[in-house]
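Q: Next up is a structure, given as structure tokens.
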Amino acid sequence: MKSPIADDPRKKELAQKRHFSLRINLFFFVTFVLFSILIVRLAMLQFVETKIHKAAENRNGTQTIQIAPIRGNIYDSSKSPLAYTIPMQSLFFRIDPSAQKLDELIAIADRLKADVFDKYAKPNSKSPTPEEIILAMDIGYDYHKAEIKKPSYYWVPRRIKADLSSEEIAYLLEHRDEFKWLDVTEESIRTYELDDDGNTTIATHLVGYTNSFTSPTAKEIYKDSPMVQEYLSSENVGFDGIERMYQDELRGRNGRKTYPVDAVNKIIGRADVTAPVKGNNLYLSIHKDIQKATERMLEEHIRYLRSPSHANDLYMSVGMQAASGFAVAMEVDTGRVVTMANYPDYDANAWTGGMSASVYKEIESFIPNGSIRTAKAKYPDEKENAKHPSSIVFMGSTIKPMSVLIGLKENFFSGNGYVYNDTGSFSFGKGGNSTITNSGKAAYGAMDAAGAIEHSSNTFMSEKVGIPFWAKYGRENPEVTAKWAEYMAKFGMGVKTGSGLPGELAGSNDFIKNAVKDSYQSAMVYASWGQNEKTTTLQLAQYTATLASRGKRMKPLFVDEIRDYQGQLVRKIEPEVLEDFSAEFAKEHWNTIIHGMKSGAEGIEELPFNVARKTGTSTQSVSGGSVENAVFIAFAPVENPKLAVAVVVPEGGFGRYGASPIAAKIFQAYDAANDGVLTKLGGGKRPW
């Protein structure tokens with residue numbers, strides 16, 4: 001049966017209008033309710049909750065974590081790496097104060113030590129104890145006092161251990177649910193290239209090393225650095241050598257992670273990351289092959305000197321106490337240092353991750369660069385240590401070319417036709433009560449100024465330089481000291497070389513001490529043949545190069561160029577003349593002293609080019625007596641000087657035997673590494 005409404009169109013239309021009106025009314029009613037709720041909520045926010053939300057807004061913020069840059073690499077002149085940065089995996093801990101319980105964290109620390117570090121750590125690596133792990137977590141708990149303090153900050157992850165082994169990483173990842181709040185993160189580690197022996201690194205003392213910025217030493221080193229605010233407590237900085245000298249170039253620039261954090265500094269969102277900029281790379285003047293040959297020869301020759309088979313040899317027996325040696329080779333025309341070697345040496349990688357106390361105790365006496373400052377071999381105790389000289393020794397007879405040059409300039413004698421009769425001894429002082437002699441009391445008879453250098457005549461230097469100089473410049477007057485020091489400084493003695501290496505010493509002058517002890521006359525006599533002036537090996541090398549260039553004192557250079565991490569040239573290091581006094585001395589005077597540099601020297605005569613050289617034996621007083629140090633300087637080829645070499649072997653005896661063979665090997669290594677340049681420049685062996 002059909003509905004009446006269905007049959008009546010008018011009724012049907014009326015019903016549809018009623019339904020539509022009902023829906024419209026319902027829509028408006030719901031809209032009214034929603035707007036009412038919104039208005040009420042807005043009113044609540046405006047008048048009731050404003051202070052609450054304002055406070056919450058003020059409490060939320062951001063925290064920025066600095067990301068340390070990757071340190072630049074150090075290469076030798078042939079582009080072989082000497083120091084570089086490699087990735088390592090480290091374990092970090094994240095603080096979550098709302099979820100972490102103290103007992104749970106202590107249990108994690110105990111388990112890390114027992115189940116991970118003790119079982120899977122790399123051999124000889126240092127693993128933290130549970131107490132050290134808790135301390136590193138910085139959760140505010142004192143393990144020994146069982147006290148809880150507020151952590152220093154929340155948002156920065158704490159490093160628990162660096163340089164994880166593959167086994168440690170695998171175990172941690174396999175049990176990640178049990179080691180909550182721990183993350184394995186990649187960092188970088190400084191690595192130094194090992195020498196062929198596998199126990200020492202190449203050019204250890206020159207390259208230097210890095211250590212933690214958190215140490216008091218680092219704080220002192222960099223207290224005045226304009227970049228110190230950028231340094232992070234987690235990073236290592238240069239502590240010595242090139243690593244320290246070029247810290248700003250090598251370090252690069254920080255990156256940043258900026259986190260949103262809540263009122264308790266808990267991270268509440270994703271970080272905004274700015275990547276760090278890698279440091280620049282350095283290309284040194286050092287040549288790896290020359291450096292390795294020098295280091296090897298130093299070690300081998302000192303062992304040779306100490307060999308019991310030489311005990312009955314008059315010349316070699318005096319070098320049997322030798323335990324250290326230092327050598328520097330510097331290009332005459334550029335000032336580029338091609339080798340700086342020290343013995344004993346050590347593995348600079350021992351600094352990575354913190355050097356153990358036992359290792360430090362073994363090497364602490366020769367960690368300093370003995371070529372520029374005080375260093376010694378390892379001795380059993382302080383009493384024994386006092387019986388041996390350091391790396392800074394008297395010049396000995398190596399000063400004699402300069403002494404003769406000064407004598408010629410001061411017109412104390414002439415270079416042509418002058419003859420001196422060397423009787424083997426010379427007396428001076430009141431009544432001639434002080435006497436000096438030549439080595440072995442040798443009497444050389446008639447000789448000229450060049451012959452006095454060749455025969456290393458102490459009597460000539462004393463009578464023809466020391467006494468006249470003393471008489472001319474004030475006798476018993478400090479003016480004598482001042483004038484002698486002025487001459488010395490021209491050749492780089494008593495002043496720093498200008499190298500810029502951190503910690504470099506200027507040597508020392510015992511002139512005043514000896515003058516007070518005896519007299520200015522006596523002090524001047526001994527100064528004339530090298531028994532007053534203590535020098536570093538680098539100073540001797542610079543002095544030798546100055547003789548070779550006839551008066552141009554060059555700044556020692558260790559870096560050829562600096563390039564960014566993409567290989568683009570940042571800076572080329574150009575040669576620098578510190579002082580040019582060549583014109584202050586007559587050409588014939590330079591000829592005289594160079595013609596006299598023909599001292600007998602083991603290994604030198606066998607070289608295929610002419611070598612100007614001067615041996616030295618510096619006598620030095622130590623606890624319990626005196627010792628004789630082997631000193632040697634040389635440059636080659638004589639006709640066109642290219643390379644200057646200085647070698648010092650404390651307690652090495654005569655320079656001819658204790659130091660000269662080392663220098664000969666350096667000349668050979670340089671010639672081989674540079675396509676026979678010394679042989680070519682010298683034009684072969686011939687009389688000179």
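Chains: A, B, ... in order of the structure tokens. Residues: from 1 per chain. Ligands: from 1, in order shown.
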Neighbouring residues of A:Ile633 were defined as those with any atom within 8 Å, considering only C-alpha atoms; residues of the same chain fewer than 6 positions away were excluded. Please report them as JSON, numbers by chain.
A: {"A": [398, 540, 541, 544, 613, 614, 615, 644, 645, 646, 647]}
Q: Would you write out those residues with N, CA and C atoms, as an mmCIF file, in the first residue's frame?
A:
```cif
data_model
loop_
_atom_site.group_PDB
_atom_site.id
_atom_site.type_symbol
_atom_site.label_atom_id
_atom_site.label_comp_id
_atom_site.auth_asym_id
_atom_site.auth_seq_id
_atom_site.Cartn_x
_atom_site.Cartn_y
_atom_site.Cartn_z
ATOM 1 N N THR A 398 134.956 23.713 16.108
ATOM 2 C CA THR A 398 134.134 24.149 14.976
ATOM 3 C C THR A 398 134.029 25.676 14.922
ATOM 4 N N LEU A 540 124.341 25.191 14.986
ATOM 5 C CA LEU A 540 125.568 24.800 14.285
ATOM 6 C C LEU A 540 125.322 24.646 12.791
ATOM 7 N N ALA A 541 124.169 24.076 12.438
ATOM 8 C CA ALA A 541 123.839 23.912 11.019
ATOM 9 C C ALA A 541 123.659 25.274 10.350
ATOM 10 N N THR A 544 127.055 26.863 9.907
ATOM 11 C CA THR A 544 127.786 26.235 8.804
ATOM 12 C C THR A 544 127.297 26.741 7.458
ATOM 13 N N ARG A 613 135.056 21.155 5.793
ATOM 14 C CA ARG A 613 134.627 20.612 7.070
ATOM 15 C C ARG A 613 135.520 21.073 8.208
ATOM 16 N N LYS A 614 134.980 20.962 9.404
ATOM 17 C CA LYS A 614 135.764 21.244 10.603
ATOM 18 C C LYS A 614 135.306 20.328 11.719
ATOM 19 N N THR A 615 136.243 19.583 12.255
ATOM 20 C CA THR A 615 135.961 18.703 13.387
ATOM 21 C C THR A 615 136.092 19.489 14.685
ATOM 22 N N ALA A 644 124.602 22.098 4.045
ATOM 23 C CA ALA A 644 125.392 22.248 5.269
ATOM 24 C C ALA A 644 124.907 21.224 6.286
ATOM 25 N N VAL A 645 125.859 20.594 6.986
ATOM 26 C CA VAL A 645 125.534 19.529 7.930
ATOM 27 C C VAL A 645 126.215 19.798 9.262
ATOM 28 N N ALA A 646 125.504 19.540 10.351
ATOM 29 C CA ALA A 646 126.075 19.630 11.700
ATOM 30 C C ALA A 646 125.691 18.378 12.474
ATOM 31 N N VAL A 647 126.662 17.817 13.181
ATOM 32 C CA VAL A 647 126.435 16.608 13.972
ATOM 33 C C VAL A 647 127.047 16.796 15.352
#
```
Q: Which of these, A:Ile24, A:Ile662, A:Val525, A:Leu182, has the shortest distance to A:Gly325 once you count only C-alpha atoms?
A: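 Comparing A:Ile24, A:Ile662, A:Val525, A:Leu182 against A:Gly325, the winner is A:Ile662.
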Q: Name the closest residue to A:Glu628 among the candidates A:Gly252, A:Gly140, A:Gly319, A:Pro81; distances are taken between atoms, counting only C-alpha atoms.
A: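 For A:Glu628, the nearest of the given residues is A:Gly319.
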Q: Counting only C-alpha atoms, what is within 12 Å of A:Gly676, bar same-chain residues fewer than 3 positions away, as a PyMOL selection string?
A: chain A and resi 607-609+637+642+667-673+679-684
Q: Which is closest to A:Ser233 among A:Ala630, A:Ile108, A:Gln66, A:Gly500, if we use only C-alpha atoms?
A: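 Residue with the minimum atom-to-atom distance to A:Ser233: A:Gln66.
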Q: Point out the residue among A:Ala107, A:Thr536, A:Met554, A:Ser456 with the least atom-to-atom distance to A:Gly494, counting only C-alpha atoms.
A: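 Using only C-alpha atoms, A:Gly494 sits closest to A:Thr536.
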Q: Rank A:Thr62, A:Ser549, A:Asn610, A:Gln568 by their smallest atom-to-atom distance to A:Lys587, using only C-alpha atoms, and report the top residue only.
A: A:Ser549
Q: Can you tell me which residues surround stretch 340-356 of chain A at a distance of at most 7 Å, considering only C-alpha atoms, apart from same-chain residues fewer than 3 positions away, and format the answer as a PyMOL selection string?
A: chain A and resi 190-192+199-201+203-204+206+209+211+291+294-295+298-299+324-329+359-360+366+370-371+377
Q: Can I get the selected residues back with N, CA and C atoms, as a PDB file, in the first residue's frame?
A:
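In the end it all went to out21.pdb:
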```
ATOM      1  N   ARG A 190      95.050  10.588  15.717  1.00  0.00           N
ATOM      2  CA  ARG A 190      96.300  11.031  15.100  1.00  0.00           C
ATOM      3  C   ARG A 190      97.260   9.854  15.041  1.00  0.00           C
ATOM      4  N   THR A 191      97.822   9.625  13.853  1.00  0.00           N
ATOM      5  CA  THR A 191      98.733   8.501  13.642  1.00  0.00           C
ATOM      6  C   THR A 191     100.024   9.006  13.017  1.00  0.00           C
ATOM      7  N   TYR A 192     101.136   8.465  13.484  1.00  0.00           N
ATOM      8  CA  TYR A 192     102.459   8.864  13.003  1.00  0.00           C
ATOM      9  C   TYR A 192     103.128   7.690  12.301  1.00  0.00           C
ATOM     10  N   ASN A 199     109.503   0.463  15.655  1.00  0.00           N
ATOM     11  CA  ASN A 199     109.494   0.869  17.059  1.00  0.00           C
ATOM     12  C   ASN A 199     109.541   2.380  17.236  1.00  0.00           C
ATOM     13  N   THR A 200     109.962   3.094  16.204  1.00  0.00           N
ATOM     14  CA  THR A 200     110.059   4.553  16.281  1.00  0.00           C
ATOM     15  C   THR A 200     109.352   5.167  15.086  1.00  0.00           C
ATOM     16  N   THR A 201     109.030   6.439  15.219  1.00  0.00           N
ATOM     17  CA  THR A 201     108.392   7.144  14.111  1.00  0.00           C
ATOM     18  C   THR A 201     109.414   8.027  13.399  1.00  0.00           C
ATOM     19  N   ALA A 203     111.124  11.282  12.002  1.00  0.00           N
ATOM     20  CA  ALA A 203     111.248  12.698  12.390  1.00  0.00           C
ATOM     21  C   ALA A 203     110.378  13.016  13.602  1.00  0.00           C
ATOM     22  N   THR A 204     110.417  12.120  14.574  1.00  0.00           N
ATOM     23  CA  THR A 204     109.542  12.224  15.747  1.00  0.00           C
ATOM     24  C   THR A 204     109.626  13.587  16.413  1.00  0.00           C
ATOM     25  N   LEU A 206     110.872  16.500  15.387  1.00  0.00           N
ATOM     26  CA  LEU A 206     110.511  17.657  14.572  1.00  0.00           C
ATOM     27  C   LEU A 206     109.004  17.712  14.362  1.00  0.00           C
ATOM     28  N   TYR A 209     103.966  16.039  18.541  1.00  0.00           N
ATOM     29  CA  TYR A 209     102.860  15.156  18.888  1.00  0.00           C
ATOM     30  C   TYR A 209     101.679  15.990  19.376  1.00  0.00           C
ATOM     31  N   ASN A 211      98.246  16.128  22.183  1.00  0.00           N
ATOM     32  CA  ASN A 211      97.766  15.623  23.461  1.00  0.00           C
ATOM     33  C   ASN A 211      96.502  16.378  23.833  1.00  0.00           C
ATOM     34  N   GLN A 291     115.957  11.475   6.059  1.00  0.00           N
ATOM     35  CA  GLN A 291     115.676  11.420   7.494  1.00  0.00           C
ATOM     36  C   GLN A 291     115.897  10.012   8.042  1.00  0.00           C
ATOM     37  N   THR A 294     119.586   9.157   8.192  1.00  0.00           N
ATOM     38  CA  THR A 294     120.259   9.865   9.288  1.00  0.00           C
ATOM     39  C   THR A 294     119.938   9.214  10.623  1.00  0.00           C
ATOM     40  N   GLU A 295     118.679   8.916  10.859  1.00  0.00           N
ATOM     41  CA  GLU A 295     118.286   8.274  12.112  1.00  0.00           C
ATOM     42  C   GLU A 295     118.963   6.918  12.271  1.00  0.00           C
ATOM     43  N   LEU A 298     122.778   7.454  13.015  1.00  0.00           N
ATOM     44  CA  LEU A 298     122.990   7.890  14.388  1.00  0.00           C
ATOM     45  C   LEU A 298     122.979   6.701  15.338  1.00  0.00           C
ATOM     46  N   GLU A 299     121.962   5.880  15.199  1.00  0.00           N
ATOM     47  CA  GLU A 299     121.845   4.716  16.085  1.00  0.00           C
ATOM     48  C   GLU A 299     122.994   3.742  15.877  1.00  0.00           C
ATOM     49  N   SER A 324     123.829   9.300  23.007  1.00  0.00           N
ATOM     50  CA  SER A 324     122.862  10.121  22.271  1.00  0.00           C
ATOM     51  C   SER A 324     123.569  10.824  21.120  1.00  0.00           C
ATOM     52  N   GLY A 325     122.792  11.285  20.148  1.00  0.00           N
ATOM     53  CA  GLY A 325     123.370  11.984  19.002  1.00  0.00           C
ATOM     54  C   GLY A 325     122.318  12.831  18.305  1.00  0.00           C
ATOM     55  N   PHE A 326     122.787  13.892  17.632  1.00  0.00           N
ATOM     56  CA  PHE A 326     121.882  14.855  17.013  1.00  0.00           C
ATOM     57  C   PHE A 326     122.481  15.336  15.701  1.00  0.00           C
ATOM     58  N   ALA A 327     121.654  15.427  14.671  1.00  0.00           N
ATOM     59  CA  ALA A 327     122.145  15.828  13.355  1.00  0.00           C
ATOM     60  C   ALA A 327     121.110  16.692  12.642  1.00  0.00           C
ATOM     61  N   VAL A 328     121.609  17.744  11.977  1.00  0.00           N
ATOM     62  CA  VAL A 328     120.743  18.635  11.190  1.00  0.00           C
ATOM     63  C   VAL A 328     121.442  18.924   9.872  1.00  0.00           C
ATOM     64  N   ALA A 329     120.713  18.827   8.765  1.00  0.00           N
ATOM     65  CA  ALA A 329     121.227  19.199   7.451  1.00  0.00           C
ATOM     66  C   ALA A 329     120.326  20.275   6.860  1.00  0.00           C
ATOM     67  N   VAL A 359     105.643   4.026  30.301  1.00  0.00           N
ATOM     68  CA  VAL A 359     106.264   4.412  29.030  1.00  0.00           C
ATOM     69  C   VAL A 359     106.862   5.803  29.143  1.00  0.00           C
ATOM     70  N   TYR A 360     106.127   6.721  29.768  1.00  0.00           N
ATOM     71  CA  TYR A 360     106.623   8.087  29.913  1.00  0.00           C
ATOM     72  C   TYR A 360     107.921   8.124  30.712  1.00  0.00           C
ATOM     73  N   PHE A 366     114.305  12.141  26.796  1.00  0.00           N
ATOM     74  CA  PHE A 366     114.571  12.469  25.398  1.00  0.00           C
ATOM     75  C   PHE A 366     113.301  12.748  24.591  1.00  0.00           C
ATOM     76  N   GLY A 370     116.224  17.383  21.072  1.00  0.00           N
ATOM     77  CA  GLY A 370     117.591  17.704  21.452  1.00  0.00           C
ATOM     78  C   GLY A 370     118.353  18.515  20.432  1.00  0.00           C
ATOM     79  N   SER A 371     117.840  18.648  19.234  1.00  0.00           N
ATOM     80  CA  SER A 371     118.501  19.471  18.222  1.00  0.00           C
ATOM     81  C   SER A 371     118.298  20.958  18.465  1.00  0.00           C
ATOM     82  N   ALA A 377     120.028  11.045  26.998  1.00  0.00           N
ATOM     83  CA  ALA A 377     119.667   9.641  26.956  1.00  0.00           C
ATOM     84  C   ALA A 377     119.114   9.246  28.324  1.00  0.00           C
TER      85      ALA A 377
END
```
Q: Would you list the contacts of stretch 464-468 of chain A as a ChimeraX atom specification, taking every protein, DNA or RNA residue within 9 Å and counting only C-alpha atoms, but skipping same-chain residues closer than 5 positions in sequence?
A: /A:403-404,406-407,412-413,420,428,459,473,475,521-529
Q: Pull the closest atom pair for each residue of stretch 123-206 of chain A that gets at most 7 Å from stretch 94-104 of chain A, along with the distance in Å to one decimal, counting only C-alpha atoms, ordering rows by chain and then ascending residue number, as CSV.
A:
```
residue,atom,partner,partner_atom,distance
A:Tyr154,CA,A:Ile95,CA,5.8
A:Pro157,CA,A:Arg94,CA,4.9
A:Arg158,CA,A:Arg94,CA,6.6
A:Trp181,CA,A:Arg94,CA,5.2
A:Leu182,CA,A:Arg94,CA,6.5
```
Q: Given only C-alpha atoms as the basis, pick out the residue of A:Asn281, A:Asn509, A:Gln566, A:Ser234 nearest to A:Glu187.
A: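 Closest to A:Glu187, using only C-alpha atoms: A:Ser234.
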